[in-house]
Amino acid sequence: MDEQEGPALNRRSVLTAAGVLVGAGVLVVVTLPDQPGTEAERTSATPSSSAPGLPGRPDGGEDCPVRELLAEPDAAVVSVAFGEDGSRAALWESGARHALVIDAEDDSQHRELLDEAGALARVPGGYLVGRGARLRVVAPDGTGTPITTSVEPVVPAAGDVVVDIGGSAWLYRAADAALHRPASPRKGSLTNGWVTPEGALVTTTQVRPGDGPVERAVWRGGRWELSRIAAPGALPGDVIGNGSRIAVVVREGAPSSALVVHVSPDAGASWRSVSLAELELSGHGSAAVTRGGDVLVADGDGAVVRVPLDGSPERLGDAPELTRLTASGPRVWGRDHRRPAARLRWTDDAGRTWHAVPPPGAGSAESRPRGGGGRF
């Protein structure tokens with residue numbers, strides 16, 4: 001394996017729940033805190049103090065509350081997210097205390113304490129945090145923007161991002177800084193999805209929720225296109241993408257229980273199905289689509305598989321052990337959630353080589369990787 005210390009990185013925001021996607025949608029599971037952060041601090045040439053609902057103050061040194069939390073022996077990264085603008089975000093936990101740390105592309109860092117643990121979802125302009133009426137988007141510089149919620153179903157549009165809150169999929173629309181309930185092809189709420197740059201929404205449904213056949217649903221041209229892709233007993237998994245390249249992961253029912261990856265290079269207009277049965281994966285952690293259209297799949301025990309846009313799937317024996325994958329621009333990021341202190345890994349060549357970097361907040365501002373990485 002060619003694994004090396006990552007080149008110094010420029011960055012600029014994220015943790016969801018998962019990242020900034022302009023002109024594309026992504027599903028990120030979000031369990032969000034009830035209140036916004038009670039303390040905020042930022043290390044940069046100019047302190048952040050103008051964020052609505054975000055009390056900001058300049059870095060006060062080693063006695064700052066967030067620095068104290070990060071220095072605790074039990075401090076661990078709960079979740080991470082990545083922005084296409086080069087930013088990275090991490091949610092830290094120590095005992096009953098929680099903090100959000102965002103490394104921006106210009107090497108500044110935003111820190112704030114949170115009232116309770118949650119997740120961070122990447123959306124255009126920053127990261128979605130909060131709950132209910134206190135939802136907000138936090139930009140890499142710490143600026144907060146309140147978010148409204150509309151339960152009236154809407155059809156997807158170009159630029160929408162699919163965000164999962166409490167097991168239901170919502171469309172985040174940056175144009176009006178609001179969450180909208182997406183229209184569904186069947187009774188009930190959507191639980192996953194991906195919006196292409198053209199505005200097509202790809203999701204999965206079940207004829208009978210819980211055990212019915214799995215359908216792939218594509219909203220395009222003002223109507224739903226439904227295709228049955230798995231028999232009763234199958235479980236729908238990730239619906240992920242990178243631009244117009246999409247993948248739908250399904251676990252078949254007994255007796256095979258094999259993972260099947262459905263891949264589309266053209267925003268859902270055409271598909272091919274690839275079974276991973278012969279690779280004998282122990283479970284399914286997550287998947288990500290590279291900019292070139294290859295799909296990387298991680299199982300629950302750390303194995304990583306590449307499904308090429310054309311060709312047969314292969315296990316990446318030299319890859320580091322990873323259980324969580326997410327795409328951000330030309331890079332796929334990964335981590336092993338079983339080891340909270342482990343470094344993050346990224347690849348820009350479909351898993352052939354991997355680079356290691358610390359999560360945001362690990363080490364001082366002076367020790368964080370800087371420069372040379374460019375925009376992602």
# chains A, B, ... in the order shown; residues from 1 in each chain; ligands from 1
>>> residues_around(residues="Arg338 (chain A)", least_positions_apart="2", cutoff="10 Å", atoms="only C-alpha atoms", output="ChimeraX atom specification")
/A:300-302,321-324,335-336,340-342
>>> closest_residue(among="A:Gly167, A:Pro182, A:Gly351, A:Gly95", to="Val295 (chain A)", atoms="only C-alpha atoms")
A:Gly351
>>> residues_around(residues="region 271-288 of chain A", least_positions_apart="5", cutoff="7 Å", atoms="only C-alpha atoms", output="PyMOL selection string")
chain A and resi 238+240-241+258-264+295-301+323-327+332
>>> write_last_selection(atoms="C-alpha atoms", output="CSV table (one decimal), in the first residue's frame")
chain,number,residue,atom,x,y,z
A,238,ASP,CA,-26.9,4.1,0.3
A,240,ILE,CA,-24.8,8.3,-3.3
A,241,GLY,CA,-23.2,10.2,-6.1
A,258,ALA,CA,-25.0,-10.2,-0.9
A,259,LEU,CA,-24.4,-6.6,-1.6
A,260,VAL,CA,-25.4,-5.4,-5.1
A,261,VAL,CA,-24.2,-2.0,-6.5
A,262,HIS,CA,-26.3,-0.4,-9.2
A,263,VAL,CA,-24.2,2.2,-11.1
A,264,SER,CA,-25.3,5.0,-13.4
A,295,VAL,CA,-17.6,3.3,-6.6
A,296,LEU,CA,-15.7,2.5,-3.3
A,297,VAL,CA,-17.6,0.3,-0.8
A,298,ALA,CA,-16.4,-0.2,2.8
A,299,ASP,CA,-17.8,-3.1,4.9
A,300,GLY,CA,-18.2,-3.0,8.7
A,301,ASP,CA,-14.9,-4.7,9.3
A,323,THR,CA,-15.7,1.8,7.6
A,324,ARG,CA,-17.0,5.2,6.6
A,325,LEU,CA,-16.6,6.8,3.1
A,326,THR,CA,-17.7,10.0,1.6
A,327,ALA,CA,-16.9,11.8,-1.6
A,332,VAL,CA,-12.9,10.2,-1.4
>>> closest_residue(among="A:Gly188, A:Pro320, A:Gly144, A:Gly159", to="Gly334 (chain A)", atoms="only C-alpha atoms")
A:Pro320
>>> select_by_dssp(residues="region 94-305 of chain A", states="helix (DSSP H, G or I)", output="VMD selection string")
chain A and resid 132 to 134 277 to 279
>>> closest_residue(among="A:Asn192, A:Ser227, A:Ser312, A:Ser150", to="Val207 (chain A)", atoms="only C-alpha atoms")
A:Ser227
>>> atom_distance(atom1="CA of Val123 (chain A)", atom2="CA of Val161 (chain A)")
6.6 Å
>>> residues_around(residues="Gln206 (chain A)", least_positions_apart="4", cutoff="12 Å", atoms="only C-alpha atoms", output="ChimeraX atom specification")
/A:184-191,210-217,226-237,250
>>> write_last_selection(atoms="N, CA and C atoms", output="short mmCIF file (atom, residue, chain, number, x, y, z; two decimals), in the first residue's frame")
data_model
loop_
_atom_site.label_atom_id
_atom_site.label_comp_id
_atom_site.auth_asym_id
_atom_site.auth_seq_id
_atom_site.Cartn_x
_atom_site.Cartn_y
_atom_site.Cartn_z
N SER A 184 -42.75 12.29 -2.86
CA SER A 184 -42.41 10.88 -2.81
C SER A 184 -43.26 10.10 -3.82
N PRO A 185 -42.67 9.07 -4.46
CA PRO A 185 -43.45 8.29 -5.42
C PRO A 185 -44.47 7.37 -4.77
N ARG A 186 -44.32 7.15 -3.46
CA ARG A 186 -45.26 6.29 -2.74
C ARG A 186 -45.64 6.93 -1.42
N LYS A 187 -46.60 6.33 -0.75
CA LYS A 187 -47.04 6.85 0.54
C LYS A 187 -45.89 6.80 1.52
N GLY A 188 -45.74 7.83 2.30
CA GLY A 188 -44.66 7.88 3.28
C GLY A 188 -43.54 8.81 2.84
N SER A 189 -42.56 8.96 3.71
CA SER A 189 -41.45 9.87 3.46
C SER A 189 -40.27 9.14 2.85
N LEU A 190 -39.48 9.85 2.08
CA LEU A 190 -38.23 9.29 1.57
C LEU A 190 -37.22 9.22 2.69
N THR A 191 -36.31 8.25 2.59
CA THR A 191 -35.27 8.09 3.60
C THR A 191 -33.87 8.27 3.04
N GLY A 210 -40.40 -2.09 4.90
CA GLY A 210 -39.87 -3.07 5.84
C GLY A 210 -39.51 -4.39 5.22
N ASP A 211 -40.35 -4.90 4.26
CA ASP A 211 -40.05 -6.21 3.70
C ASP A 211 -40.41 -6.32 2.21
N GLY A 212 -40.97 -5.28 1.65
CA GLY A 212 -41.42 -5.36 0.27
C GLY A 212 -40.28 -5.24 -0.72
N PRO A 213 -40.56 -5.53 -2.00
CA PRO A 213 -39.53 -5.39 -3.03
C PRO A 213 -38.97 -3.97 -3.05
N VAL A 214 -37.68 -3.86 -3.36
CA VAL A 214 -37.02 -2.56 -3.41
C VAL A 214 -37.13 -2.00 -4.81
N GLU A 215 -37.53 -0.74 -4.91
CA GLU A 215 -37.62 -0.05 -6.18
C GLU A 215 -36.61 1.10 -6.23
N ARG A 216 -36.05 1.31 -7.40
CA ARG A 216 -35.27 2.51 -7.65
C ARG A 216 -36.21 3.53 -8.27
N ALA A 217 -36.24 4.73 -7.72
CA ALA A 217 -37.14 5.78 -8.22
C ALA A 217 -36.32 6.97 -8.68
N LEU A 226 -40.05 4.33 -12.06
CA LEU A 226 -39.88 3.29 -11.05
C LEU A 226 -39.37 2.01 -11.68
N SER A 227 -38.35 1.39 -11.06
CA SER A 227 -37.79 0.12 -11.52
C SER A 227 -37.55 -0.77 -10.32
N ARG A 228 -38.10 -2.00 -10.36
CA ARG A 228 -37.88 -2.95 -9.26
C ARG A 228 -36.48 -3.54 -9.39
N ILE A 229 -35.67 -3.41 -8.33
CA ILE A 229 -34.27 -3.85 -8.40
C ILE A 229 -33.93 -4.94 -7.40
N ALA A 230 -34.84 -5.30 -6.50
CA ALA A 230 -34.56 -6.36 -5.53
C ALA A 230 -35.87 -6.98 -5.06
N ALA A 231 -35.82 -8.28 -4.74
CA ALA A 231 -36.99 -9.03 -4.32
C ALA A 231 -37.34 -8.72 -2.86
N PRO A 232 -38.51 -9.17 -2.40
CA PRO A 232 -38.87 -8.98 -0.99
C PRO A 232 -37.80 -9.54 -0.06
N GLY A 233 -37.60 -8.84 1.05
CA GLY A 233 -36.57 -9.24 2.01
C GLY A 233 -35.28 -8.47 1.85
N ALA A 234 -35.11 -7.80 0.72
CA ALA A 234 -33.89 -7.01 0.51
C ALA A 234 -33.97 -5.71 1.31
N LEU A 235 -32.79 -5.14 1.57
CA LEU A 235 -32.71 -3.90 2.33
C LEU A 235 -32.06 -2.82 1.49
N PRO A 236 -32.73 -1.69 1.27
CA PRO A 236 -32.11 -0.60 0.53
C PRO A 236 -31.00 0.03 1.36
N GLY A 237 -29.90 0.38 0.71
CA GLY A 237 -28.78 1.00 1.41
C GLY A 237 -28.52 2.40 0.91
N VAL A 250 -27.73 -2.07 -2.48
CA VAL A 250 -28.83 -2.86 -1.93
C VAL A 250 -28.27 -4.16 -1.38
#
>>> closest_residue(among="A:Pro209, A:Gly311, A:Pro146, A:Pro156", to="Val195 (chain A)", atoms="only C-alpha atoms")
A:Pro156
>>> atom_distance(atom1="CA of Arg306 (chain A)", atom2="CA of Phe82 (chain A)")
20.9 Å
>>> atom_distance(atom1="CA of Val155 (chain A)", atom2="CA of Val239 (chain A)")
17.9 Å
>>> closest_residue(among="A:Pro140, A:Pro330, A:Gly222, A:Gly83", to="Glu112 (chain A)", atoms="only C-alpha atoms")
A:Pro140
>>> residues_around(residues="Asp176 (chain A)", least_positions_apart="3", cutoff="10 Å", atoms="only C-alpha atoms", output="PDB file with N, CA and C atoms, in the first residue's frame")
ATOM      1  N   ILE A 147     -32.228  28.672   9.541  1.00  0.00           N
ATOM      2  CA  ILE A 147     -32.873  27.868   8.508  1.00  0.00           C
ATOM      3  C   ILE A 147     -34.354  27.722   8.843  1.00  0.00           C
ATOM      4  N   THR A 148     -35.193  27.816   7.828  1.00  0.00           N
ATOM      5  CA  THR A 148     -36.617  27.566   8.008  1.00  0.00           C
ATOM      6  C   THR A 148     -36.963  26.182   7.474  1.00  0.00           C
ATOM      7  N   TYR A 172     -32.524  20.397   1.178  1.00  0.00           N
ATOM      8  CA  TYR A 172     -32.039  21.715   1.580  1.00  0.00           C
ATOM      9  C   TYR A 172     -31.845  22.554   0.325  1.00  0.00           C
ATOM     10  N   ARG A 173     -32.463  23.727   0.311  1.00  0.00           N
ATOM     11  CA  ARG A 173     -32.406  24.625  -0.839  1.00  0.00           C
ATOM     12  C   ARG A 173     -31.724  25.917  -0.408  1.00  0.00           C
ATOM     13  N   LEU A 179     -35.358  24.050   4.512  1.00  0.00           N
ATOM     14  CA  LEU A 179     -35.536  22.618   4.308  1.00  0.00           C
ATOM     15  C   LEU A 179     -36.948  22.381   3.803  1.00  0.00           C
TER      16      LEU A 179
END
